[in-house]
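Engineer: Structure supplied as protein.txt; contents: compact mmCIF, C-alpha atoms.
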```
# COMPACT_ATOMS: atom_id res chain seq x y z
CA MET A 33 0.00 0.00 0.00
CA ASP A 34 1.51 3.36 -0.97
CA ARG A 35 1.61 6.43 1.25
CA ARG A 36 -1.22 8.30 -0.45
CA ASN A 37 -3.64 5.36 -0.32
CA PHE A 38 -2.79 4.92 3.34
CA LEU A 39 -3.73 8.54 4.03
CA LYS A 40 -6.90 8.38 1.95
CA ARG A 41 -8.18 5.46 4.01
CA THR A 42 -7.62 7.27 7.29
CA THR A 43 -10.75 8.80 8.82
CA ALA A 44 -11.34 11.33 11.59
CA GLY A 45 -13.24 10.44 14.75
CA ALA A 46 -14.90 12.83 17.17
CA GLY A 47 -12.01 14.61 18.86
CA LEU A 48 -9.49 12.02 17.70
CA LEU A 49 -8.03 11.01 14.36
CA ALA A 50 -8.62 7.29 14.46
CA VAL A 51 -7.14 4.69 12.11
CA SER A 52 -9.83 2.95 10.07
CA PRO A 53 -10.52 -0.72 10.92
CA SER A 54 -9.12 -1.94 7.61
CA LEU A 55 -5.79 -0.36 8.42
CA GLN A 56 -5.71 -1.73 11.93
CA THR A 57 -5.54 -5.27 10.51
CA LEU A 58 -2.19 -4.67 8.79
CA ASP A 59 0.36 -7.12 10.07
CA ALA A 60 3.72 -6.04 11.49
CA ALA A 61 5.64 -7.08 8.39
CA THR A 62 3.47 -4.87 6.14
CA ARG A 63 3.83 -1.91 8.49
CA LYS A 64 7.60 -2.24 8.47
CA LYS A 65 7.66 -2.05 4.66
CA LYS A 66 5.99 1.36 4.61
CA LYS A 67 8.96 3.78 4.64
CA VAL A 68 9.00 7.55 4.74
CA LYS A 69 10.70 9.09 1.72
CA THR A 70 13.72 11.31 2.27
CA ARG A 71 16.34 13.03 0.12
CA LEU A 72 18.97 12.51 2.83
CA PRO A 73 21.48 9.64 3.21
CA VAL A 74 19.77 6.83 5.13
CA GLU A 75 21.52 4.75 7.81
CA GLY A 76 18.57 2.47 8.45
CA TYR A 77 14.97 2.64 9.61
CA VAL A 78 13.01 2.56 12.86
CA SER A 79 9.30 1.83 13.20
CA GLU A 80 7.01 4.52 14.61
CA PRO A 81 4.00 3.13 16.52
CA ALA A 82 0.54 4.07 15.28
CA ARG A 83 -1.20 6.59 17.55
CA GLN A 84 -4.35 8.65 17.81
CA LEU A 85 -3.95 12.42 17.61
CA PRO A 86 -6.13 14.96 19.41
CA VAL A 87 -8.08 17.38 17.21
CA VAL A 88 -7.49 20.70 18.98
CA ALA A 89 -9.10 23.10 16.50
CA SER A 90 -11.16 23.29 13.33
CA ALA A 91 -11.90 25.95 10.75
CA ASP A 92 -13.45 26.45 7.33
CA VAL A 93 -10.07 27.47 5.90
CA VAL A 94 -6.64 26.52 7.25
CA VAL A 95 -3.70 28.46 5.85
CA VAL A 96 -0.22 27.01 6.22
CA GLY A 97 2.53 29.63 6.40
CA GLY A 98 2.24 33.22 7.57
CA GLY A 99 4.38 35.00 4.97
CA PRO A 100 2.89 37.67 2.69
CA ALA A 101 0.91 35.04 0.74
CA GLY A 102 -0.36 33.25 3.84
CA PHE A 103 -1.25 36.49 5.58
CA ALA A 104 -3.13 37.69 2.49
CA ALA A 105 -4.92 34.35 2.11
CA ALA A 106 -5.99 34.24 5.77
CA VAL A 107 -7.24 37.82 5.98
CA SER A 108 -9.01 37.60 2.61
CA ALA A 109 -10.80 34.37 3.53
CA ALA A 110 -11.83 35.79 6.91
CA ARG A 111 -13.15 38.97 5.30
CA GLN A 112 -15.40 36.76 3.14
CA GLY A 113 -16.96 35.25 6.25
CA SER A 114 -14.98 32.03 6.66
CA SER A 115 -13.54 30.88 9.96
CA VAL A 116 -9.77 30.83 9.44
CA ILE A 117 -6.77 29.34 11.21
CA LEU A 118 -3.31 30.51 10.17
CA VAL A 119 -0.49 28.12 11.12
CA GLU A 120 3.01 29.60 11.37
CA ARG A 121 6.21 27.91 12.54
CA TYR A 122 7.94 31.08 13.75
CA ASN A 123 6.82 33.64 16.36
CA HIS A 124 5.77 36.29 13.83
CA LEU A 125 4.03 36.84 10.52
CA GLY A 126 5.66 38.11 7.34
CA GLY A 127 7.91 35.18 6.48
CA LEU A 128 11.01 36.22 4.57
CA TRP A 129 9.65 39.77 4.33
CA THR A 130 10.12 40.28 8.06
CA GLY A 131 12.00 37.32 9.52
CA GLY A 132 14.20 37.06 6.45
CA LEU A 133 14.82 40.85 6.34
CA VAL A 134 13.88 40.87 2.63
CA LEU A 135 12.36 44.29 3.19
CA PRO A 136 11.45 45.70 -0.28
CA VAL A 137 8.06 44.85 -1.81
CA LEU A 138 9.15 44.04 -5.37
CA SER A 139 7.38 43.12 -8.62
CA THR A 140 4.69 45.73 -8.02
CA HIS A 141 5.22 47.56 -11.36
CA GLY A 142 5.74 46.54 -14.98
CA ALA A 143 5.62 47.90 -18.50
CA GLY A 144 1.94 48.38 -19.29
CA ASN A 145 0.13 49.79 -22.29
CA GLY A 146 2.54 51.78 -24.44
CA GLU A 147 5.32 50.42 -22.20
CA VAL A 148 4.36 52.95 -19.51
CA TRP A 149 5.68 51.85 -16.12
CA THR A 150 2.47 50.84 -14.31
CA LYS A 151 1.59 49.69 -10.81
CA VAL A 152 -0.31 46.40 -10.94
CA VAL A 153 -0.01 45.07 -7.36
CA LYS A 154 -2.59 46.77 -5.15
CA GLY A 155 -5.29 45.17 -3.00
CA ILE A 156 -4.17 43.92 0.39
CA SER A 157 -0.57 44.89 -0.38
CA ASP A 158 -1.67 48.54 -0.39
CA ASP A 159 -3.59 48.00 2.85
CA VAL A 160 -0.44 46.84 4.64
CA CYS A 161 2.01 49.27 3.08
CA GLY A 162 -0.42 52.16 3.52
CA ARG A 163 -0.49 51.59 7.27
CA LEU A 164 3.29 51.40 7.38
CA PHE A 165 3.66 54.66 5.45
CA GLU A 166 1.26 56.34 7.88
CA MET A 167 3.46 55.12 10.75
CA GLY A 168 6.63 56.37 9.06
CA MET A 169 7.80 52.76 8.85
CA ALA A 170 8.06 52.45 5.06
CA ARG A 171 9.94 54.37 2.39
CA ASN A 172 9.85 54.42 -1.45
CA GLN A 173 6.35 54.61 -2.94
CA LYS A 174 7.51 52.34 -5.75
CA ASN A 175 8.61 49.01 -4.31
CA PRO A 176 8.17 50.07 -0.65
CA LEU A 177 10.92 49.12 1.80
CA VAL A 178 9.59 48.54 5.31
CA ASP A 179 10.74 48.21 8.90
CA PRO A 180 10.37 44.53 9.87
CA GLU A 181 9.23 45.05 13.46
CA ALA A 182 6.56 47.57 12.50
CA CYS A 183 5.45 45.19 9.76
CA LYS A 184 5.08 42.28 12.18
CA TYR A 185 2.89 44.49 14.36
CA VAL A 186 0.69 45.60 11.45
CA LEU A 187 0.21 42.05 10.16
CA ASP A 188 -0.81 40.84 13.64
CA GLU A 189 -3.29 43.71 13.96
CA MET A 190 -4.86 43.09 10.57
CA CYS A 191 -5.30 39.39 11.34
CA ARG A 192 -6.90 40.25 14.67
CA GLU A 193 -9.26 42.76 13.03
CA ALA A 194 -10.32 40.21 10.40
CA GLY A 195 -10.95 37.49 12.97
CA VAL A 196 -8.11 35.19 11.90
CA ARG A 197 -6.98 32.73 14.57
CA THR A 198 -3.19 32.60 14.37
CA ILE A 199 -1.25 29.68 15.85
CA PHE A 200 2.49 30.35 16.19
CA PHE A 201 5.25 27.88 17.07
CA SER A 202 3.53 25.18 15.01
CA THR A 203 5.14 23.32 12.13
CA ALA A 204 2.81 21.61 9.67
CA ALA A 205 3.96 18.02 9.37
CA GLU A 206 1.41 15.96 7.40
CA VAL A 207 -2.16 15.82 6.10
CA ILE A 208 -4.95 13.29 6.47
CA MET A 209 -6.66 12.66 3.14
CA ALA A 210 -10.30 11.66 2.82
CA SER A 211 -11.51 9.21 0.19
CA ASP A 212 -12.74 11.95 -2.16
CA GLU A 213 -9.34 13.56 -2.84
CA LYS A 214 -9.85 16.15 -0.12
CA ILE A 215 -7.70 17.08 2.85
CA GLU A 216 -9.61 16.24 6.02
CA ALA A 217 -7.11 17.41 8.62
CA LEU A 218 -3.70 19.00 8.98
CA ILE A 219 -1.15 17.50 11.36
CA VAL A 220 1.10 19.94 13.21
CA GLU A 221 4.11 19.50 15.47
CA THR A 222 4.10 21.84 18.47
CA LYS A 223 5.52 22.22 21.97
CA SER A 224 2.11 20.92 23.04
CA GLY A 225 2.71 17.73 21.07
CA ARG A 226 1.64 16.32 17.71
CA LEU A 227 -1.86 17.66 17.04
CA ALA A 228 -4.57 17.74 14.38
CA ILE A 229 -6.62 20.61 12.93
CA ARG A 230 -9.75 19.83 10.94
CA CYS A 231 -10.51 21.87 7.82
CA GLN A 232 -12.84 22.33 4.87
CA ALA A 233 -10.21 23.99 2.70
CA VAL A 234 -6.42 24.39 2.85
CA VAL A 235 -4.21 27.07 1.33
CA ASP A 236 -0.57 26.04 1.06
CA CYS A 237 1.55 29.16 1.57
CA SER A 238 4.42 27.28 3.19
CA GLY A 239 6.90 28.61 0.64
CA ASP A 240 8.25 25.13 0.05
CA GLY A 241 4.96 23.55 -1.01
CA ASP A 242 4.95 21.16 1.93
CA VAL A 243 1.20 20.55 1.89
CA MET A 244 1.07 19.86 -1.83
CA GLU A 245 3.74 17.17 -1.42
CA TRP A 246 1.95 15.48 1.47
CA SER A 247 -1.35 15.54 -0.41
CA GLY A 248 0.25 13.70 -3.31
CA VAL A 249 -0.28 16.29 -6.06
CA PRO A 250 2.38 16.70 -8.77
CA PHE A 251 5.05 19.38 -8.45
CA ARG A 252 8.54 20.21 -9.71
CA GLU A 253 11.67 20.86 -7.69
CA ILE A 254 13.85 23.86 -8.51
CA LYS A 255 17.36 24.43 -7.24
CA TYR A 256 18.09 28.11 -6.86
CA HIS A 257 20.47 30.48 -5.13
CA ILE A 258 20.19 30.70 -1.34
CA GLY A 259 21.51 33.70 0.55
CA HIS A 260 21.09 35.61 3.78
CA MET A 261 20.16 39.11 4.89
CA ALA A 262 21.37 41.37 7.69
CA ARG A 263 21.08 44.92 8.94
CA LEU A 264 23.90 47.32 9.80
CA GLY A 265 23.60 50.08 12.39
CA ASN A 266 25.17 53.56 12.52
CA THR A 267 25.36 53.80 8.77
CA ASP A 268 24.45 57.48 9.12
CA ARG A 269 27.61 58.05 11.19
CA VAL A 270 30.12 57.29 8.46
CA ASP A 271 32.88 59.94 8.57
CA ARG A 272 33.58 60.86 4.97
CA ASN A 273 36.22 63.37 6.09
CA ALA A 274 38.37 60.68 7.68
CA PRO A 275 41.91 60.44 6.23
CA GLY A 276 41.99 57.61 3.66
CA PHE A 277 38.19 57.41 3.35
CA LYS A 278 36.84 55.49 0.35
CA GLU A 279 33.14 55.21 -0.51
CA ILE A 280 31.73 51.72 0.10
CA HIS A 281 28.20 50.80 -0.98
CA LEU A 282 26.13 49.86 2.09
CA ASN A 283 22.99 48.62 0.32
CA SER A 284 19.53 50.04 0.96
CA ARG A 285 18.61 52.50 3.69
CA THR A 286 15.66 51.39 5.82
CA PRO A 287 12.96 53.59 7.42
CA ILE A 288 15.00 53.68 10.65
CA ASP A 289 17.70 56.36 10.62
CA GLY A 290 21.18 54.87 10.54
CA VAL A 291 20.01 51.34 9.66
CA SER A 292 20.80 49.78 6.28
CA MET A 293 19.89 46.44 4.74
CA ARG A 294 22.69 44.11 3.68
CA HIS A 295 21.85 41.77 0.79
CA MET A 296 23.65 38.49 0.07
CA ARG A 297 22.95 36.54 -3.11
CA GLY A 298 24.66 33.47 -1.68
CA GLU A 299 25.41 30.17 -3.38
CA GLU A 300 23.93 29.07 -6.71
CA GLN A 301 21.85 25.97 -7.45
CA GLN A 302 21.24 24.99 -3.84
CA ASP A 303 18.83 22.40 -2.47
CA GLY A 304 16.59 24.27 -0.04
CA LEU A 305 14.93 21.03 1.14
CA ASP A 306 18.12 19.41 2.47
CA VAL A 307 18.38 20.17 6.19
CA PHE A 308 22.11 19.39 6.28
CA ASN A 309 22.75 21.76 3.40
CA LEU A 310 20.65 24.48 5.00
CA THR A 311 22.60 24.13 8.23
CA ARG A 312 25.91 24.41 6.34
CA LEU A 313 24.78 27.53 4.52
CA GLN A 314 23.41 29.18 7.66
CA GLN A 315 26.66 28.72 9.56
CA LYS A 316 28.76 29.81 6.59
CA PHE A 317 26.72 32.97 5.93
CA ARG A 318 26.64 34.01 9.59
CA LYS A 319 30.43 33.75 9.71
CA GLU A 320 30.82 35.72 6.47
CA ILE A 321 28.48 38.50 7.56
CA TRP A 322 30.21 38.93 10.93
CA GLU A 323 33.71 38.91 9.47
CA ASP A 324 32.76 41.22 6.58
CA THR A 325 31.32 43.70 9.06
CA GLU A 326 34.47 43.57 11.18
CA ARG A 327 36.57 44.29 8.06
CA LEU A 328 34.28 47.17 7.19
CA LYS A 329 34.74 48.68 10.66
CA ARG A 330 38.50 48.74 10.10
CA GLN A 331 38.09 50.99 7.04
CA PRO A 332 38.72 54.73 7.64
CA GLY A 333 35.44 56.47 8.42
CA TYR A 334 33.41 53.30 9.05
CA GLU A 335 34.56 52.60 12.62
CA LYS A 336 31.15 53.26 14.22
CA ILE A 337 29.20 50.81 12.09
CA PHE A 338 28.02 47.60 13.78
CA LEU A 339 26.09 44.47 12.90
CA LEU A 340 22.56 45.12 14.17
CA ASP A 341 21.10 41.69 13.37
CA THR A 342 21.06 38.81 10.93
CA ALA A 343 17.82 37.41 9.57
CA SER A 344 16.14 34.70 11.63
CA GLN A 345 15.28 32.91 8.37
CA LEU A 346 17.70 31.75 5.71
CA GLY A 347 17.09 33.25 2.28
CA VAL A 348 15.62 30.21 0.51
CA ARG A 349 14.12 31.59 -2.68
CA VAL A 350 12.56 28.61 -4.49
CA THR A 351 12.30 24.87 -3.77
CA ARG A 352 9.06 23.29 -5.06
CA ALA A 353 6.69 24.71 -7.67
CA LEU A 354 3.23 23.34 -8.28
CA ASP A 355 2.57 21.39 -11.47
CA ALA A 356 -0.67 23.33 -11.66
CA GLN A 357 -3.66 23.02 -13.94
CA HIS A 358 -1.87 25.79 -15.82
CA VAL A 359 1.84 26.53 -15.33
CA ILE A 360 2.67 30.11 -16.32
CA THR A 361 5.64 30.38 -18.66
CA LEU A 362 8.18 33.12 -19.21
CA GLU A 363 7.03 33.30 -22.82
CA GLU A 364 3.45 34.00 -21.73
CA SER A 365 4.64 36.83 -19.51
CA MET A 366 6.75 38.41 -22.24
CA ILE A 367 4.07 38.35 -24.96
CA ARG A 368 1.37 39.71 -22.61
CA THR A 369 -0.81 36.60 -22.67
CA THR A 370 -4.28 37.24 -21.28
CA PHE A 371 -6.35 34.69 -19.36
CA ASP A 372 -10.11 34.50 -18.96
CA ASP A 373 -9.58 33.34 -15.37
CA THR A 374 -7.08 36.03 -14.35
CA ILE A 375 -6.96 36.65 -10.58
CA GLY A 376 -4.29 39.36 -10.54
CA MET A 377 -1.08 40.60 -12.10
CA SER A 378 2.63 40.68 -11.34
CA GLY A 379 5.18 43.28 -12.26
CA ALA A 380 8.91 42.95 -12.91
CA SER A 381 11.67 42.94 -10.29
CA ASP A 382 14.89 42.53 -12.29
CA PRO A 383 16.34 42.23 -15.79
CA ILE A 384 15.71 38.75 -17.12
CA PRO A 385 17.25 36.55 -19.83
CA TYR A 386 14.87 36.00 -22.75
CA LYS A 387 15.67 34.59 -26.20
CA GLY A 388 19.40 35.05 -25.82
CA SER A 389 19.51 38.56 -24.40
CA MET A 390 18.83 40.42 -21.15
CA VAL A 391 15.58 42.37 -21.08
CA PRO A 392 15.88 45.48 -18.85
CA THR A 393 13.43 45.69 -15.97
CA LYS A 394 11.69 48.77 -17.39
CA LYS A 395 11.05 46.93 -20.68
CA ARG A 396 9.50 43.89 -19.06
CA PRO A 397 5.70 43.63 -19.33
CA CYS A 398 3.46 43.18 -16.33
CA TRP A 399 1.77 39.79 -16.64
CA GLN A 400 -1.50 38.12 -15.70
CA ILE A 401 -1.85 35.22 -13.28
CA PRO A 402 -4.61 32.70 -14.09
CA TYR A 403 -6.66 31.09 -11.34
CA ARG A 404 -5.64 27.67 -12.67
CA SER A 405 -2.02 28.34 -11.68
CA LEU A 406 -3.11 28.10 -8.03
CA LEU A 407 -4.92 24.79 -8.51
CA PRO A 408 -3.28 21.37 -8.14
CA ARG A 409 -4.31 18.31 -10.05
CA GLY A 410 -5.57 15.60 -7.71
CA CYS A 411 -6.68 17.45 -4.56
CA ARG A 412 -10.11 19.11 -4.57
CA ASN A 413 -9.84 21.45 -1.56
CA LEU A 414 -6.26 22.69 -1.84
CA TRP A 415 -4.97 26.00 -3.20
CA VAL A 416 -1.26 26.85 -3.56
CA ALA A 417 -0.04 30.44 -3.30
CA GLY A 418 3.20 32.29 -2.70
CA ARG A 419 6.54 31.24 -4.09
CA CYS A 420 5.39 27.67 -4.79
CA PHE A 421 2.39 28.23 -7.09
CA GLY A 422 2.42 27.12 -10.74
CA PHE A 423 5.17 28.93 -12.66
CA GLU A 424 8.15 27.77 -14.68
CA GLU A 425 11.69 28.41 -13.49
CA GLY A 426 12.31 31.27 -15.92
CA LEU A 427 9.67 33.33 -14.10
CA ALA A 428 11.06 32.73 -10.62
CA TRP A 429 12.55 36.23 -10.38
CA ASP A 430 9.06 37.71 -10.23
CA ALA A 431 6.82 34.86 -9.09
CA ARG A 432 8.61 34.47 -5.76
CA GLU A 433 8.68 38.18 -4.88
CA ILE A 434 6.63 39.67 -2.07
CA GLY A 435 4.36 41.67 -4.36
CA THR A 436 3.35 38.58 -6.33
CA CYS A 437 2.92 36.59 -3.12
CA PHE A 438 0.36 39.13 -1.93
CA VAL A 439 -1.56 38.73 -5.20
CA THR A 440 -1.67 34.92 -5.26
CA GLY A 441 -2.43 34.72 -1.54
CA GLN A 442 -5.32 37.16 -1.74
CA ALA A 443 -6.86 35.25 -4.64
CA ALA A 444 -6.38 31.84 -3.03
CA GLY A 445 -7.92 32.89 0.28
CA THR A 446 -10.89 34.53 -1.41
CA ALA A 447 -11.45 31.48 -3.61
CA ALA A 448 -11.19 29.08 -0.66
CA ALA A 449 -13.87 31.05 1.21
CA LEU A 450 -16.14 30.99 -1.85
CA ALA A 451 -15.66 27.23 -2.21
CA VAL A 452 -16.55 26.62 1.44
CA ALA A 453 -19.68 28.76 1.12
CA ALA A 454 -20.76 27.01 -2.09
CA ARG A 455 -19.72 23.55 -0.87
CA CYS A 456 -17.75 23.01 -4.04
CA ALA A 457 -14.25 21.95 -5.08
CA SER A 458 -11.47 24.39 -5.88
CA ASP A 459 -11.88 24.02 -9.65
CA GLU A 460 -15.66 24.43 -9.37
CA VAL A 461 -15.48 27.96 -7.96
CA ASP A 462 -17.35 30.42 -10.16
CA VAL A 463 -14.50 32.46 -11.64
CA SER A 464 -16.65 35.46 -12.51
CA THR A 465 -17.77 35.70 -8.88
CA LEU A 466 -14.18 35.35 -7.70
CA GLN A 467 -13.06 38.10 -10.05
CA GLN A 468 -15.83 40.40 -8.86
CA LYS A 469 -14.83 39.81 -5.23
CA LEU A 470 -11.21 40.60 -6.08
CA ARG A 471 -12.17 43.80 -7.90
CA GLU A 472 -14.07 44.86 -4.79
CA GLN A 473 -10.79 44.36 -2.93
CA ARG A 474 -9.01 46.69 -5.41
CA VAL A 475 -7.05 43.87 -7.06
CA VAL A 476 -5.81 44.72 -10.56
CA LEU A 477 -6.91 41.93 -12.92
CA SER A 478 -5.91 43.52 -16.22
CA ILE A 479 -4.69 46.80 -17.72
```
Give the structure from this file in structure tokens form.
Structural biologist:
Amino acid sequence: MDRRNFLKRTTAGAGLLAVSPSLQTLDAATRKKKKVKTRLPVEGYVSEPARQLPVVASADVVVVGGGPAGFAAAVSAARQGSSVILVERYNHLGGLWTGGLVLPVLSTHGAGNGEVWTKVVKGISDDVCGRLFEMGMARNQKNPLVDPEACKYVLDEMCREAGVRTIFFSTAAEVIMASDEKIEALIVETKSGRLAIRCQAVVDCSGDGDVMEWSGVPFREIKYHIGHMARLGNTDRVDRNAPGFKEIHLNSRTPIDGVSMRHMRGEEQQDGLDVFNLTRLQQKFRKEIWEDTERLKRQPGYEKIFLLDTASQLGVRVTRALDAQHVITLEESMIRTTFDDTIGMSGASDPIPYKGSMVPTKKRPCWQIPYRSLLPRGCRNLWVAGRCFGFEEGLAWDAREIGTCFVTGQAAGTAAALAVAARCASDEVDVSTLQQKLREQRVVLSI
């Protein structure tokens, strides 16, 4: 019996997730043959006893991951009237935006009609950034750069106002599949133990597409560059009159006086799903950032600079991408392909290679995102948003950026709420109704 069939035949009891009678009759030899897949070197296997898990919560919509996509999905679903639980493994919302110190909101603009540089990411992104601008905690109207602590506060407040129940310190670990290709419950690992949360709909905003793998839907793995971010303090106290002073680029200034963001591209073609590799990179980057800062402080005029902090999250950019009902291609983005089921648009963040040459950022078109790119094949109550939705590798520069994550998350959460209300599957949601709801939320669907 394969893993997916095992999960499909598991049913939920009242207050407990109980193994179905047919599974209880498996003999010991059969149970030992069922092995968990891993990409890591294996030294052998141990058998984990079967156990019943307490169901500690339930909601119409469960969102996994509290980054920009997960936040947008949770708030949008709650605003449509669904009960929502947002599961986050860290102690804050914002994901790499806040915990990863990836502070600019990119991919918000692109070349529109007549190649005029046009803002296409609005909606809930504007709600968040607008509050931060009012607080003096964001700078740059185009591609806003925010203060991470203020942003964590705003995201918490907006979830509270919408009625989202947030559960921190909880790592999603598995799903229980029902017999009709639907997720029945999410399993989470917490300091309170291994627990279950019942759901009607799930939005996978984990960044790594964890839920889509557990549910058995097809996806692709992408190796990409992994880096790390940090912040430097006292960058406003550089003495340019010091003997021997030479100008050194200190990256982007943040909304806090004297604090600058330090960007590291890191190593190319890295496996962001290998825990040993992630540990190696984290230790290497922390050492490099500390020692680079110490060298900087020895330069004339830079003596007062100090390392304020390093990001609590490693800069994993892409790992899994959904093999969606429609996978958006770089070609489609460059030729301005339109989709009848558009749920938003993305802009451009960087120059990109296309047909043998680099296309400058300002020449790159803004592009539509179809609803089908959020939909897996083979799971009827799952949506995928954020940096793991359905796009090909050539589009990763834009598809993984914070601006695009807001767009896909807002659409996925709204659609999940509509599906719960209509008692229908993800691909049975009325797209025209979804689009109308998104327009009401000031989402740009086309230009």
Engineer: Find the residues around Asp188 (chain A) up to 10 Å (only C-alpha atoms counted), leave out those fewer than 2 positions away in its own chain, and share them as a list in words.
Structural biologist: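 Result of the neighbour search: Phe103, His124, Leu125, Gly126, Cys183, Lys184, Tyr185, Val186, Met190, Cys191, Arg192, Glu193, Val196 and Thr198 of chain A.
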Engineer: Can you pull out every residue within 6 Å of region 259-269 of chain A, counting all atoms listed in the file, but drop anything in the same chain fewer than 5 positions away, and send it as a compact mmCIF listing (two decimals) with C-alpha atoms, in the frame of the given file?
Structural biologist:
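The resulting file, selection-v5.txt, is reproduced below:
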```
# COMPACT_ATOMS: atom_id res chain seq x y z
CA LEU A 133 14.82 40.85 6.34
CA GLY A 290 21.18 54.87 10.54
CA VAL A 291 20.01 51.34 9.66
CA SER A 292 20.80 49.78 6.28
CA MET A 293 19.89 46.44 4.74
CA ARG A 294 22.69 44.11 3.68
CA HIS A 295 21.85 41.77 0.79
CA MET A 296 23.65 38.49 0.07
CA ARG A 297 22.95 36.54 -3.11
CA GLY A 298 24.66 33.47 -1.68
CA ILE A 337 29.20 50.81 12.09
CA PHE A 338 28.02 47.60 13.78
CA LEU A 339 26.09 44.47 12.90
CA LEU A 340 22.56 45.12 14.17
CA ASP A 341 21.10 41.69 13.37
CA THR A 342 21.06 38.81 10.93
CA ALA A 343 17.82 37.41 9.57
CA LEU A 346 17.70 31.75 5.71
CA GLY A 347 17.09 33.25 2.28
```
Engineer: Go through A:Pro397, A:Gly388, A:Gly376, A:Pro408 one by one, measure the shortest atom-to-atom distance of each to Gly435 (chain A) using all atoms listed in the file, and give the residue with the smallest value.
Structural biologist: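 Among the listed residues, A:Gly376 lies closest to Gly435 (chain A).
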Engineer: To one decimal place, how far is CA of Thr351 (chain A) from CA of Ile254 (chain A) in Å?
Structural biologist: 5.1 Å
Engineer: Env of Pro176 (chain A): 9 Å cut, atoms = only C-alpha atoms, seq-sep filter 2 positions within chain, self excluded. Answer as a PDB file with C-alpha atoms, in the frame of the given file.
Structural biologist:
```
ATOM      1  CA  LEU A 135      12.360  44.290   3.190  1.00  0.00           C
ATOM      2  CA  PRO A 136      11.450  45.700  -0.280  1.00  0.00           C
ATOM      3  CA  VAL A 137       8.060  44.850  -1.810  1.00  0.00           C
ATOM      4  CA  LEU A 138       9.150  44.040  -5.370  1.00  0.00           C
ATOM      5  CA  CYS A 161       2.010  49.270   3.080  1.00  0.00           C
ATOM      6  CA  PHE A 165       3.660  54.660   5.450  1.00  0.00           C
ATOM      7  CA  ALA A 170       8.060  52.450   5.060  1.00  0.00           C
ATOM      8  CA  ARG A 171       9.940  54.370   2.390  1.00  0.00           C
ATOM      9  CA  ASN A 172       9.850  54.420  -1.450  1.00  0.00           C
ATOM     10  CA  GLN A 173       6.350  54.610  -2.940  1.00  0.00           C
ATOM     11  CA  LYS A 174       7.510  52.340  -5.750  1.00  0.00           C
ATOM     12  CA  VAL A 178       9.590  48.540   5.310  1.00  0.00           C
TER      13      VAL A 178
END
```
Engineer: Between CA of Asp373 (chain A) and CA of Arg455 (chain A), what is the spacing in Å?
Structural biologist: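 If I compute the distance from CA of Arg455 (chain A) to CA of Asp373 (chain A), I get 20.2 Å.
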Engineer: Please identify all polymer residues within 12 Å of Glu279 (chain A), counting only C-alpha atoms, omitting same-chain residues fewer than 4 positions from it, and present them as an MDAnalysis selection string.
Structural biologist: chainID A and resid 270:274 328 331:334
Engineer: Lys154 (chain A): which residues within 9 Å, counting all atoms listed in the file, same-chain residues fewer than 6 positions away excluded, as a list in words?
Structural biologist: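 So the residues in contact are Thr140, Gly435, Phe438, Val439, Gln473, Arg474, Val475 and Val476 of chain A.
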Engineer: What does the distance from CA of Ser224 (chain A) to CA of Leu85 (chain A) come to in Å, to one decimal?
Structural biologist: 11.8 Å
Engineer: Given the point (14.9, 22.1, -5.3) in the file's coordinates, find the residues that have an atom at most 9 Å from it, counting all atoms listed in the file, and give them as number ranges by chain.
Structural biologist: A: 252-256, 301-306, 350-353
Engineer: With distances taken over all atoms listed in the file, which residue among A:Gln314, A:Arg83, A:Arg163, A:His358 lies nearest Glu189 (chain A)?
Structural biologist: A:Arg163
Engineer: Between A:Ala204, A:Ile117, A:Val348, A:Ala82, which one has atoms that come closest to Val134 (chain A), using all atoms listed in the file?
Structural biologist: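 Nearest to Val134 (chain A): A:Val348.
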Engineer: Out of A:Leu470, A:Ala194, A:Gly99, A:Lys214, which residue has the shortest atom-to-atom distance to Arg432 (chain A) when counting only C-alpha atoms?
Structural biologist: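 Closest to Arg432 (chain A), using only C-alpha atoms: A:Gly99.
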Engineer: May I ask which of the residues A:Thr286, A:Gly276, A:Ala217, A:Gly155 is the closest one to Ala182 (chain A), counting only C-alpha atoms?
Structural biologist: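 Among A:Thr286, A:Gly276, A:Ala217, A:Gly155, it is A:Thr286 that comes nearest to Ala182 (chain A).
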Engineer: Could you tell me which of A:His141, A:Ser389, A:Arg71, A:Met169 comes closest to Val153 (chain A) if we count all atoms listed in the file?
Structural biologist: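 For Val153 (chain A), the nearest of the candidates is A:His141.
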